[in-house]
file work-v1.cif (mmCIF, C-alpha atoms)
data_input
loop_
_atom_site.label_atom_id
_atom_site.label_comp_id
_atom_site.auth_asym_id
_atom_site.auth_seq_id
_atom_site.Cartn_x
_atom_site.Cartn_y
_atom_site.Cartn_z
CA MET M 1148 -110.50 -45.79 -55.72
CA SER M 1149 -107.20 -44.36 -56.95
CA LEU M 1150 -104.49 -42.95 -54.75
CA ARG M 1151 -105.08 -39.57 -56.37
CA THR M 1152 -108.76 -39.60 -55.44
CA ASP M 1153 -107.97 -40.77 -51.93
CA ILE M 1154 -105.48 -37.96 -51.41
CA GLN M 1155 -107.78 -35.32 -52.85
CA MET M 1156 -110.64 -36.45 -50.63
CA ALA M 1157 -108.39 -36.63 -47.61
CA PHE M 1158 -107.24 -33.03 -47.95
CA ASP M 1159 -110.50 -31.58 -49.25
CA GLU M 1160 -112.03 -32.71 -45.96
CA LEU M 1161 -109.60 -30.41 -44.15
CA THR M 1162 -109.84 -27.43 -46.45
CA PRO M 1163 -111.97 -24.59 -45.09
CA SER M 1164 -113.74 -22.12 -47.34
CA THR M 1165 -111.28 -19.95 -49.21
CA HIS M 1166 -113.95 -17.44 -50.22
CA GLY M 1167 -112.44 -13.96 -50.18
CA MET M 1168 -108.99 -15.18 -49.20
CA ALA M 1169 -107.34 -14.11 -52.46
CA GLU M 1170 -108.71 -10.59 -52.18
CA ARG M 1171 -107.74 -10.42 -48.50
CA ILE M 1172 -104.16 -11.54 -49.07
CA VAL M 1173 -103.53 -9.49 -52.17
CA GLY M 1174 -105.16 -6.45 -50.56
CA SER M 1175 -102.99 -6.86 -47.49
CA MET M 1176 -99.92 -7.18 -49.69
CA LEU M 1177 -100.74 -3.97 -51.56
CA ALA M 1178 -101.42 -2.11 -48.32
CA ASN M 1179 -98.15 -3.30 -46.86
CA ARG M 1180 -96.40 -2.14 -50.00
CA SER M 1181 -97.88 1.33 -49.58
CA ARG M 1182 -96.81 1.44 -45.93
CA SER M 1183 -93.31 0.41 -46.93
CA ARG M 1184 -93.11 3.23 -49.43
CA ALA M 1185 -94.39 5.71 -46.83
CA MET M 1186 -91.83 4.48 -44.33
CA PHE M 1187 -88.99 4.89 -46.80
CA ALA M 1188 -90.17 8.41 -47.61
CA TRP M 1189 -90.13 9.25 -43.89
CA SER M 1190 -86.65 7.80 -43.55
CA ASN M 1191 -85.10 9.85 -46.34
CA PRO M 1192 -83.45 12.34 -43.94
CA LEU M 1193 -81.77 9.44 -42.17
CA ARG M 1194 -80.14 8.06 -45.29
CA GLY M 1195 -76.90 9.95 -44.76
CA ALA M 1196 -76.46 8.56 -41.27
CA THR M 1197 -77.49 5.11 -42.44
CA SER M 1198 -74.89 5.22 -45.20
CA MET M 1199 -72.19 6.16 -42.71
CA LEU M 1200 -73.23 3.30 -40.45
CA ALA M 1201 -73.16 0.92 -43.40
CA LEU M 1202 -69.65 2.08 -44.29
CA ILE M 1203 -68.46 1.44 -40.74
CA LEU M 1204 -70.03 -2.01 -40.84
CA VAL M 1205 -68.25 -2.77 -44.11
CA LEU M 1206 -64.92 -1.79 -42.55
CA VAL M 1207 -65.62 -3.98 -39.51
CA VAL M 1208 -66.50 -6.92 -41.77
CA ALA M 1209 -63.35 -6.39 -43.84
CA VAL M 1210 -61.17 -6.48 -40.72
CA GLY M 1211 -63.04 -9.58 -39.61
CA VAL M 1212 -62.42 -11.29 -42.93
CA LEU M 1213 -58.70 -10.55 -42.76
CA ALA M 1214 -58.49 -11.94 -39.25
CA GLY M 1215 -60.67 -14.88 -40.18
CA GLY M 1216 -58.49 -15.62 -43.20
CA ARG M 1217 -55.57 -16.35 -40.92
CA LEU M 1218 -57.70 -18.73 -38.90
CA TYR M 1219 -58.87 -20.38 -42.12
CA ARG M 1220 -55.28 -20.86 -43.33
CA ASP M 1221 -54.36 -22.46 -40.02
CA TRP M 1222 -57.37 -24.73 -40.25
CA SER M 1223 -56.59 -25.64 -43.85
CA ALA M 1224 -52.99 -26.45 -42.97
CA PHE M 1225 -54.26 -28.78 -40.26
CA ASN M 1226 -56.81 -30.35 -42.53
CA ASN M 1227 -54.27 -30.95 -45.28
CA GLN M 1228 -52.06 -33.05 -43.11
CA PRO M 1229 -51.82 -36.65 -44.37
CA GLY M 1230 -54.47 -38.97 -43.03
CA ASN M 1231 -57.04 -36.33 -42.18
CA GLY M 1232 -59.97 -37.79 -44.11
CA LEU M 1233 -61.27 -35.63 -46.93
CA ALA M 1234 -58.08 -33.55 -47.33
CA ALA M 1235 -56.09 -36.74 -47.82
CA LEU M 1236 -58.54 -37.94 -50.44
CA GLU M 1237 -58.44 -34.59 -52.24
CA ALA M 1238 -54.64 -34.78 -52.33
CA ARG M 1239 -54.69 -38.01 -54.30
CA PRO M 1240 -53.72 -37.47 -57.95
CA MET M 1241 -56.22 -38.09 -60.71
CA HIS M 1242 -55.49 -41.20 -62.78
CA LEU M 1243 -58.24 -41.08 -65.39
CA PRO M 1244 -57.79 -42.62 -68.83
CA VAL M 1245 -56.66 -40.39 -71.69
CA LEU M 1246 -58.36 -40.56 -75.06
CA VAL M 1247 -56.52 -40.29 -78.34
CA PRO M 1248 -58.38 -38.40 -81.10
CA GLY M 1249 -61.05 -40.57 -82.67
CA GLN M 1250 -61.03 -43.14 -79.91
CA ASP M 1251 -64.42 -44.38 -78.74
CA CYS M 1252 -65.52 -43.67 -75.22
CA PRO M 1253 -63.97 -46.47 -73.11
CA ILE M 1254 -67.14 -47.25 -71.19
CA GLY M 1255 -66.65 -49.58 -68.26
CA PRO M 1256 -65.75 -51.64 -66.42
CA LYS M 1257 -69.28 -52.94 -66.31
CA ALA M 1258 -70.80 -54.31 -63.16
CA ASP M 1259 -73.61 -56.77 -62.67
CA LEU M 1260 -75.70 -55.19 -59.96
CA GLN M 1261 -78.11 -58.13 -59.81
CA GLY M 1262 -81.49 -56.57 -59.41
CA ALA M 1263 -80.49 -52.97 -58.88
CA GLY M 1264 -82.39 -50.95 -61.46
CA ASN M 1265 -82.08 -52.74 -64.78
CA GLY M 1266 -78.86 -54.37 -63.64
CA GLU M 1267 -76.62 -52.13 -65.72
CA GLY M 1268 -73.87 -50.61 -63.67
CA PHE M 1269 -70.26 -49.58 -63.82
CA GLY M 1270 -67.21 -49.95 -61.60
CA ASP M 1271 -65.40 -52.68 -59.75
CA GLY M 1272 -66.68 -51.51 -56.38
CA PRO M 1273 -67.04 -50.66 -53.62
CA VAL M 1274 -68.79 -47.82 -55.46
CA PHE M 1275 -70.87 -48.44 -58.56
CA GLY M 1276 -72.38 -46.01 -61.03
CA MET M 1277 -75.59 -46.22 -62.98
CA PRO M 1278 -75.99 -44.56 -66.40
CA ILE M 1279 -76.15 -40.75 -66.25
CA GLY M 1280 -79.54 -39.23 -67.05
CA LEU M 1281 -79.44 -35.73 -68.51
CA ASP M 1282 -82.59 -33.68 -68.56
CA THR M 1283 -82.11 -29.98 -67.79
CA LYS M 1284 -80.39 -27.40 -69.95
CA SER M 1285 -79.12 -23.95 -69.10
CA THR M 1286 -77.04 -21.38 -70.90
CA TRP M 1287 -73.99 -22.90 -69.21
CA GLY M 1288 -74.63 -26.51 -70.21
CA THR M 1289 -76.67 -29.56 -69.30
CA TYR M 1290 -77.57 -30.99 -65.91
CA GLY M 1291 -78.64 -34.44 -64.94
CA TYR M 1292 -78.45 -36.98 -62.22
CA GLN M 1293 -76.22 -39.89 -61.44
CA TRP M 1294 -77.09 -42.72 -59.12
CA LEU M 1295 -74.10 -44.01 -57.22
CA LEU M 1296 -74.39 -47.17 -55.17
CA THR M 1297 -72.01 -47.87 -52.31
CA ARG M 1298 -71.54 -51.17 -50.56
CA ARG M 1299 -73.38 -51.07 -47.29
CA ASP M 1300 -70.28 -52.05 -45.32
CA LEU M 1301 -68.30 -49.10 -46.68
CA ALA M 1302 -67.38 -46.53 -44.02
CA GLY M 1303 -65.86 -43.08 -44.13
CA PRO M 1304 -65.85 -40.23 -46.63
CA VAL M 1305 -66.00 -40.99 -50.34
CA LEU M 1306 -64.77 -38.30 -52.71
CA VAL M 1307 -66.22 -38.16 -56.22
CA ARG M 1308 -64.49 -36.32 -59.06
CA ALA M 1309 -65.22 -36.61 -62.76
CA LYS M 1310 -64.10 -35.29 -66.12
CA ASP M 1311 -65.40 -35.28 -69.67
CA LEU M 1312 -62.75 -37.35 -71.44
CA VAL M 1313 -63.15 -35.67 -74.80
CA THR M 1314 -63.16 -32.03 -73.76
CA GLY M 1315 -61.00 -32.56 -70.69
CA LYS M 1316 -63.25 -30.30 -68.66
CA ALA M 1317 -64.19 -31.19 -65.12
CA VAL M 1318 -67.75 -32.27 -64.47
CA VAL M 1319 -69.47 -30.02 -61.94
CA PHE M 1320 -71.63 -31.10 -59.06
CA VAL M 1321 -74.49 -29.12 -57.60
CA GLY M 1322 -76.97 -29.71 -54.83
CA THR M 1323 -76.91 -31.93 -51.80
CA TYR M 1324 -73.64 -33.79 -52.25
CA ALA M 1325 -71.61 -31.09 -53.98
CA ALA M 1326 -68.44 -30.31 -52.02
CA GLY M 1327 -65.22 -28.36 -52.11
CA PRO M 1328 -64.73 -24.79 -53.29
CA VAL M 1329 -67.32 -23.12 -55.48
CA THR M 1330 -65.93 -23.20 -59.00
CA GLY M 1331 -68.74 -21.50 -60.88
CA LYS M 1332 -72.30 -20.29 -60.79
CA ASP M 1333 -75.34 -20.79 -62.94
CA SER M 1334 -79.08 -20.20 -62.72
CA ASP M 1335 -81.70 -22.86 -62.42
CA ARG M 1336 -84.92 -22.80 -64.39
CA ASN M 1337 -86.49 -20.49 -61.81
CA GLY M 1338 -83.71 -17.94 -62.11
CA PHE M 1339 -82.17 -18.76 -58.74
CA ALA M 1340 -78.40 -19.08 -58.41
CA VAL M 1341 -76.80 -22.52 -58.43
CA LYS M 1342 -73.29 -23.04 -57.08
CA GLN M 1343 -71.07 -25.44 -58.96
CA HIS M 1344 -68.33 -27.57 -57.42
CA HIS M 1345 -65.76 -29.94 -58.83
CA GLU M 1346 -66.25 -32.49 -56.09
CA ALA M 1347 -69.04 -34.48 -54.55
CA LEU M 1348 -68.76 -36.04 -51.13
CA LEU M 1349 -70.61 -39.07 -49.80
CA ASP M 1350 -70.59 -39.56 -46.05
CA THR M 1351 -71.14 -43.30 -45.93
CA ASN M 1352 -71.47 -43.16 -42.15
CA HIS M 1353 -74.74 -41.32 -42.70
CA PRO M 1354 -76.60 -42.85 -45.65
CA PRO M 1355 -79.42 -40.69 -47.04
CA GLU M 1356 -82.83 -41.67 -45.78
CA ASP M 1357 -84.77 -40.40 -48.76
CA THR M 1358 -83.16 -42.74 -51.29
CA ASN M 1359 -82.95 -45.69 -49.00
CA PRO M 1360 -83.56 -48.48 -48.42
CA PRO M 1361 -82.49 -49.03 -52.01
CA GLU M 1362 -85.02 -51.78 -52.53
CA VAL M 1363 -87.54 -48.98 -53.00
CA TYR M 1364 -85.85 -47.91 -56.17
CA PHE M 1365 -83.33 -50.58 -57.00
CA GLY M 1366 -85.38 -53.70 -56.95
CA GLY M 1367 -84.59 -55.43 -53.71
CA SER M 1368 -80.88 -55.04 -53.08
CA ASP M 1369 -80.04 -54.81 -49.41
CA ARG M 1370 -76.31 -54.80 -50.06
CA LEU M 1371 -76.13 -51.30 -51.45
CA VAL M 1372 -76.78 -47.75 -50.38
CA ALA M 1373 -78.15 -45.44 -53.07
CA TRP M 1374 -77.07 -41.82 -53.57
CA GLN M 1375 -78.48 -39.53 -56.22
CA ILE M 1376 -76.04 -36.79 -57.12
CA THR M 1377 -76.71 -33.94 -59.52
CA LEU M 1378 -74.05 -33.13 -62.07
CA GLY M 1379 -73.51 -30.67 -64.87
CA LEU M 1380 -71.69 -30.95 -68.19
CA GLN M 1381 -70.53 -27.72 -69.74
CA ARG M 1382 -71.71 -26.71 -73.18
CA GLY M 1383 -69.81 -28.71 -75.79
CA ALA M 1384 -69.27 -31.75 -73.55
CA SER M 1385 -69.20 -35.18 -75.17
CA GLY M 1386 -70.94 -36.98 -72.33
CA CYS M 1387 -68.09 -39.49 -72.07
CA VAL M 1388 -67.55 -39.09 -68.36
CA ALA M 1389 -64.78 -40.70 -66.32
CA TYR M 1390 -65.26 -40.90 -62.57
CA GLN M 1391 -62.53 -41.19 -60.01
CA ILE M 1392 -63.90 -42.28 -56.67
CA ASP M 1393 -61.57 -42.16 -53.70
CA GLY M 1394 -62.30 -43.49 -50.27
CA PRO M 1395 -60.47 -44.97 -47.32
CA GLY M 1396 -58.28 -47.73 -48.75
CA PHE M 1397 -59.45 -47.60 -52.35
CA SER M 1398 -59.35 -45.54 -55.50
CA GLU M 1399 -61.65 -46.51 -58.31
CA VAL M 1400 -62.17 -45.33 -61.89
CA PHE M 1401 -65.03 -46.04 -64.24
CA VAL M 1402 -66.32 -44.45 -67.42
CA VAL M 1403 -69.97 -43.90 -68.33
CA GLN M 1404 -71.70 -42.35 -71.30
CA ALA M 1405 -74.36 -39.77 -70.47
CA VAL M 1406 -77.77 -40.38 -71.98
CA GLY M 1407 -80.98 -38.37 -71.94
CA THR M 1408 -82.21 -35.26 -73.67
CA GLY M 1409 -78.86 -34.65 -75.28
CA LEU M 1410 -75.95 -32.38 -74.67
CA THR M 1411 -75.73 -28.70 -75.40
CA PRO M 1412 -73.56 -28.05 -78.44
CA ASN M 1413 -71.05 -25.24 -78.54
CA MET R 515 -113.09 -27.24 -56.50
CA GLN R 516 -110.74 -25.82 -59.08
CA ARG R 517 -107.55 -27.82 -59.49
CA VAL R 518 -104.30 -26.05 -60.09
CA ALA R 519 -104.04 -27.69 -63.48
CA ASP R 520 -107.18 -25.82 -64.47
CA VAL R 521 -105.63 -22.42 -63.83
CA LYS R 522 -104.23 -21.32 -67.14
CA PRO R 523 -101.17 -19.07 -66.95
CA SER R 524 -100.79 -16.32 -69.47
CA SER R 525 -98.99 -17.57 -72.50
CA ALA R 526 -97.22 -14.27 -73.04
CA SER R 527 -93.56 -14.42 -72.20
CA GLN R 528 -93.15 -10.80 -71.18
CA PRO R 529 -91.79 -9.15 -68.06
CA VAL R 530 -94.49 -8.91 -65.40
CA SER R 531 -95.25 -5.37 -64.28
CA GLU R 532 -96.24 -4.56 -60.73
CA SER R 533 -99.59 -3.26 -61.90
CA THR R 534 -100.62 -6.65 -63.26
CA PHE R 535 -98.92 -8.79 -60.67
CA ALA R 536 -101.80 -8.62 -58.19
CA ASP R 537 -104.27 -9.75 -60.84
CA LEU R 538 -101.95 -12.58 -61.83
CA LEU R 539 -101.49 -13.59 -58.23
CA LYS R 540 -105.15 -13.82 -57.24
CA PRO R 541 -105.92 -17.12 -59.03
CA LEU R 542 -102.81 -18.63 -57.46
CA ILE R 543 -103.80 -17.85 -53.88
CA GLU R 544 -106.18 -20.78 -53.56
CA PRO R 545 -103.81 -23.42 -54.97
CA GLY R 546 -101.08 -21.87 -52.84
CA PHE R 547 -103.27 -22.17 -49.77
CA ARG R 548 -104.20 -25.76 -50.55
CA LEU R 549 -100.55 -26.62 -51.05
CA ALA R 550 -99.64 -24.98 -47.75
CA LEU R 551 -102.51 -26.65 -45.92
CA ALA R 552 -101.51 -30.05 -47.21
CA MET R 553 -97.91 -29.38 -46.21
CA LEU R 554 -98.60 -27.88 -42.78
CA HIS R 555 -101.97 -29.38 -41.81
CA ASP R 556 -102.95 -26.13 -40.15
CA ALA R 557 -105.24 -23.61 -41.80
CA GLN R 558 -103.91 -20.51 -40.03
CA ALA R 559 -100.29 -21.47 -40.59
CA ALA R 560 -101.13 -22.20 -44.22
CA GLU R 561 -102.70 -18.78 -44.76
CA ASP R 562 -99.70 -17.14 -43.07
CA ALA R 563 -97.38 -19.05 -45.39
CA VAL R 564 -99.29 -17.91 -48.47
CA GLN R 565 -99.30 -14.33 -47.17
CA GLU R 566 -95.54 -14.40 -46.65
CA ALA R 567 -95.06 -16.02 -50.05
CA SER R 568 -97.09 -13.23 -51.65
CA PHE R 569 -94.84 -10.59 -50.07
CA THR R 570 -91.75 -12.46 -51.15
CA ALA R 571 -93.08 -12.89 -54.67
CA TRP R 572 -93.83 -9.18 -54.78
CA ARG R 573 -90.32 -8.25 -53.68
CA LYS R 574 -88.68 -10.66 -56.12
CA LEU R 575 -90.85 -9.66 -59.01
CA GLY R 576 -87.82 -8.45 -60.94
CA ARG R 577 -86.47 -12.02 -61.14
CA MET R 578 -89.63 -13.22 -62.84
CA HIS R 579 -88.80 -13.14 -66.52
CA ASP R 580 -91.37 -15.57 -67.88
CA GLN R 581 -95.00 -14.88 -67.09
CA GLY R 582 -95.93 -18.41 -68.06
CA ARG R 583 -93.73 -19.66 -65.23
CA LEU R 584 -95.51 -17.63 -62.57
CA ARG R 585 -97.55 -20.52 -61.21
CA PRO R 586 -94.70 -22.97 -60.49
CA TRP R 587 -92.51 -20.10 -59.37
CA PHE R 588 -95.07 -18.87 -56.86
CA LEU R 589 -95.86 -22.36 -55.61
CA GLY R 590 -92.13 -22.87 -55.16
CA VAL R 591 -92.03 -19.80 -52.95
CA VAL R 592 -94.99 -21.15 -50.97
CA ALA R 593 -93.20 -24.49 -50.58
CA ASN R 594 -90.14 -22.71 -49.19
CA LYS R 595 -92.29 -20.80 -46.72
CA CYS R 596 -93.81 -24.10 -45.62
CA ARG R 597 -90.36 -25.59 -45.13
CA ASN R 598 -89.37 -22.64 -42.97
CA ALA R 599 -92.65 -22.73 -41.08
CA ARG R 600 -92.16 -26.37 -40.19
CA ARG R 601 -88.82 -25.50 -38.69
CA LYS R 602 -90.42 -23.12 -36.24
CA LYS R 603 -91.30 -24.70 -32.96
CA TRP R 604 -94.66 -23.04 -32.69
CA VAL R 605 -95.76 -24.48 -35.99
CA VAL R 606 -94.74 -27.93 -34.89
CA GLU R 607 -96.89 -27.43 -31.84
CA VAL R 608 -99.96 -26.33 -33.73
CA SER R 609 -99.55 -28.61 -36.71
CA VAL R 610 -101.21 -31.51 -34.98
CA GLY R 611 -104.15 -31.25 -37.32
CA VAL R 612 -103.44 -34.87 -38.09
CA PRO R 613 -104.60 -36.63 -34.95
CA GLU R 614 -102.60 -39.58 -33.73
CA GLU R 615 -105.87 -41.09 -32.55
CA LEU R 616 -109.09 -40.55 -34.42
CA PRO R 617 -111.87 -38.81 -32.54
CA ALA R 618 -114.80 -40.94 -31.49
CA VAL R 619 -117.14 -39.40 -34.05
CA SER R 620 -114.98 -40.68 -36.93
CA SER R 621 -116.53 -44.04 -37.27
CA GLU R 622 -116.73 -44.36 -41.04
CA ASP R 623 -114.11 -46.31 -42.89
CA ARG R 624 -113.55 -43.55 -45.38
CA THR R 625 -112.82 -41.03 -42.66
CA LEU R 626 -110.44 -43.52 -41.15
CA ARG R 627 -108.68 -44.01 -44.47
CA SER R 628 -108.45 -40.28 -45.08
CA ALA R 629 -106.99 -39.64 -41.65
CA ASP R 630 -104.53 -42.49 -42.08
CA LEU R 631 -103.50 -41.12 -45.45
CA ARG R 632 -103.05 -37.57 -44.13
CA ARG R 633 -101.02 -38.92 -41.24
CA ALA R 634 -98.86 -40.98 -43.59
CA ILE R 635 -98.26 -37.95 -45.82
CA SER R 636 -97.44 -35.77 -42.83
CA HIS R 637 -94.76 -38.27 -41.84
CA LEU R 638 -93.00 -37.96 -45.20
CA GLY R 639 -90.00 -35.67 -45.45
CA HIS R 640 -90.62 -32.17 -46.78
CA ASP R 641 -89.44 -32.90 -50.31
CA ASP R 642 -91.37 -36.15 -50.60
CA ARG R 643 -94.49 -34.53 -49.19
CA LEU R 644 -94.15 -31.64 -51.59
CA VAL R 645 -94.08 -33.75 -54.75
CA VAL R 646 -96.95 -35.93 -53.54
CA VAL R 647 -99.13 -32.92 -52.76
CA LEU R 648 -98.32 -31.16 -56.02
CA TYR R 649 -98.77 -34.22 -58.19
CA PHE R 650 -101.72 -35.93 -56.58
CA TYR R 651 -103.59 -33.20 -54.73
CA LEU R 652 -103.01 -30.23 -57.03
CA ASP R 653 -102.98 -32.33 -60.21
CA MET R 654 -99.83 -30.71 -61.54
CA PRO R 655 -97.87 -32.39 -64.35
CA VAL R 656 -94.52 -33.86 -63.43
CA ASP R 657 -92.49 -31.20 -65.24
CA GLU R 658 -94.18 -28.43 -63.28
CA VAL R 659 -93.78 -30.38 -60.06
CA ALA R 660 -90.08 -30.58 -60.87
CA THR R 661 -89.96 -26.82 -61.40
CA VAL R 662 -91.62 -26.13 -58.06
CA ALA R 663 -89.40 -28.62 -56.27
CA GLY R 664 -86.31 -27.25 -57.98
CA THR R 665 -85.18 -30.64 -59.26
CA SER R 666 -85.02 -32.44 -62.55
CA VAL R 667 -87.97 -34.31 -64.01
CA GLY R 668 -86.15 -37.59 -63.53
CA ALA R 669 -85.38 -36.86 -59.91
CA THR R 670 -88.98 -35.84 -59.33
CA ARG R 671 -90.27 -39.08 -60.80
CA ALA R 672 -87.87 -41.03 -58.63
CA ARG R 673 -88.99 -39.10 -55.57
CA LEU R 674 -92.63 -39.76 -56.42
CA TYR R 675 -91.98 -43.47 -56.74
CA ARG R 676 -90.30 -43.56 -53.38
CA ALA R 677 -92.98 -41.49 -51.72
CA ILE R 678 -95.75 -43.64 -53.17
CA LYS R 679 -94.00 -46.73 -51.97
CA LYS R 680 -93.79 -45.28 -48.49
CA LEU R 681 -97.45 -44.32 -48.54
CA ARG R 682 -98.81 -47.43 -50.10
CA PRO R 683 -96.44 -50.38 -50.10
CA ASP R 684 -99.11 -52.28 -51.96
CA VAL R 685 -99.45 -49.74 -54.76
CA ALA R 686 -98.22 -51.27 -57.96
CA MET R 687 -95.43 -49.10 -59.27
CA ARG R 688 -95.23 -48.84 -63.01
CA ARG R 689 -91.53 -48.17 -62.89
CA HIS R 690 -90.87 -48.62 -66.54
CA SER R 691 -93.87 -46.74 -67.91
CA GLY R 692 -92.44 -43.34 -67.12
CA GLU R 693 -95.30 -42.26 -64.84
CA PRO R 694 -96.04 -43.14 -61.26
CA ALA R 695 -99.19 -44.97 -60.30
CA HIS R 696 -102.31 -42.82 -60.31
#
call {"tool": "encode", "arguments": {"input": "work-v1.cif", "output": "structure tokens"}}
result
Amino acid sequence: MSLRTDIQMAFDELTPSTHGMAERIVGSMLANRSRSRAMFAWSNPLRGATSMLALILVLVVAVGVLAGGRLYRDWSAFNNQPGNGLAALEARPMHLPVLVPGQDCPIGPKADLQGAGNGEGFGDGPVFGMPIGLDTKSTWGTYGYQWLLTRRDLAGPVLVRAKDLVTGKAVVFVGTYAAGPVTGKDSDRNGFAVKQHHEALLDTNHPPEDTNPPEVYFGGSDRLVAWQITLGLQRGASGCVAYQIDGPGFSEVFVVQAVGTGLTPN
Amino acid sequence: MQRVADVKPSSASQPVSESTFADLLKPLIEPGFRLALAMLHDAQAAEDAVQEASFTAWRKLGRMHDQGRLRPWFLGVVANKCRNARRKKWVVEVSVGVPEELPAVSSEDRTLRSADLRRAISHLGHDDRLVVVLYFYLDMPVDEVATVAGTSVGATRARLYRAIKKLRPDVAMRRHSGEPAH
């Protein structure tokens, strides 16, 4: 028996009769909607007072933001002191290769990951990249995923920054590992907002459980920790992406060429 | 029982009006409930989740631009409600529909396997559990599973592989064929 059949039987055993449920839920929703409208009609006379209260709240929030801004500046000043982890990594200058017009994408250095995926990887370590897979387009550009593998003995924060070498535009990161200030916004395929960042951050002291142990996906390696980050390339990008990975005691650069459903032209 | 893959969304890509939304929603209640039940393992909590999802879907109707996307969109809302419900202590307390020990009346092997499987699925993380339920239980194609889960198709496939491996270490994974084991 297939896993699909097993799962369907397992849950069908639990499922009670759903007869009438759709009508009950939709009916309840419509009734609630009517009550909401009635309540708003009743509350019309209170709208003036409510507006005044809202205005006062806005003023209170504004004062709070101003006061909080000072605290934030103090905190940022502390965090930007040399040696304070992420801030120190962010302060490191970018040293990515520069392409001359017509030059091919300088993919590499290549790494032999010995059993991880199909073995194709990039970087000298302690962080390695797999080929980028692009598969989702938006009006802004194209999104995809990038597997990064870190040596299991690596400790501390690892900062990931990347740039399209042809267009010179920064690659954006979204989702779980995106970090740093929000640099832009886009909508996903469901119309919900997505926040873009120019940095991704890997906390190697806390490897992700859902992509590990890497032998589940990367064919038996117990030396590496796998991270799946989601990235975006703006419309017109070439897909020739240079990564700069900074961590405690190392700074690493490698170049990969994005593959997949193609890039969004200008 | 009707699988979610059998429910055909309207092909028209027009804004959904409130007057038709209820009619569009009705066929999605059952798949929504089955998704919630498989996620929460508690019938009452599942119905509550679908009810809340219906309200939310109603309020956010204006964001729904593509009628053909209603099904994955609504199931995505249900999935979020399930995630929130699992965070509530009371749901954790009542979601012991997956017994740690089988009752004495469950003597058949199949019942044992089913209970083991439900228990194994309940131990998966929310995101892993979601893709397994959508793909295997609701028979949804991978691209729609990805839409509901809010991830890319590639990431969804990867998550399915990992989840399958956790569920059935002995399941042969056709990693290079593009589809997980069935």
call {"tool": "resolve_selection", "arguments": {"input": "work-v1.cif", "expression": "the PyMOL selection byres ((chain R) within 8 of (chain M))", "output": "NGL selection string"}}
result
:R and (536 or 539-541 or 543-544 or 548 or 551-552 or 557 or 565 or 568-569 or 577-578 or 587 or 625 or 628-629 or 631-632 or 639 or 650-651 or 661 or 664 or 666-669 or 672 or 675-676 or 679 or 695-696)
call {"tool": "atom_distance", "arguments": {"input": "work-v1.cif", "atom1": "CA of Leu1380 (chain M)", "atom2": "CA of Pro1240 (chain M)"}}
result
21.7 Å
call {"tool": "residues_around", "arguments": {"input": "work-v1.cif", "residues": "Gln1250 (chain M)", "least_positions_apart": "5", "cutoff": "12 Å", "atoms": "only C-alpha atoms", "output": "VMD selection string"}}
result
chain M and resid 1244 to 1245 1312 to 1313 1387
call {"tool": "resolve_selection", "arguments": {"input": "work-v1.cif", "expression": "the PyMOL selection byres ((chain R and resi 588) around 8)", "output": "number ranges by chain"}}
result
R: 542, 546, 567-568, 571, 584-587, 589-592
call {"tool": "atom_distance", "arguments": {"input": "work-v1.cif", "atom1": "CA of Phe1275 (chain M)", "atom2": "CA of Ile1254 (chain M)"}}
result
13.2 Å
call {"tool": "atom_distance", "arguments": {"input": "work-v1.cif", "atom1": "CA of Gly1386 (chain M)", "atom2": "CA of Thr1314 (chain M)"}}
result
9.3 Å
call {"tool": "axis_aligned_box", "arguments": {"input": "work-v1.cif", "around": "region 559-564 of chain R", "padding_each_side": "6 Å", "output": "lines of an AutoDock Vina configuration file"}}
result
center_x = -100.0
center_y = -19.7
center_z = -44.5
size_x = 17.3
size_y = 17.1
size_z = 19.9
call {"tool": "closest_residue", "arguments": {"input": "work-v1.cif", "among": "M:Val1341, M:Leu1349, M:Ala1309, M:Val1208", "to": "Tyr1324 (chain M)", "atoms": "only C-alpha atoms"}}
result
M:Leu1349
call {"tool": "resolve_selection", "arguments": {"input": "work-v1.cif", "expression": "the PyMOL selection byres ((chain M and resi 1388) around 10)", "output": "PyMOL selection string"}}
result
chain M and resi 1243+1252-1254+1279+1309-1318+1380+1384-1387+1389-1391+1401-1405
call {"tool": "closest_residue", "arguments": {"input": "work-v1.cif", "among": "M:Val1406, M:Ala1214, M:Val1207, M:Ala1373", "to": "Pro1278 (chain M)", "atoms": "all atoms listed in the file"}}
result
M:Val1406
call {"tool": "closest_residue", "arguments": {"input": "work-v1.cif", "among": "M:Gln1343, M:Thr1323, M:Ser1398, M:Thr1351", "to": "Gly1288 (chain M)", "atoms": "all atoms listed in the file"}}
result
M:Gln1343
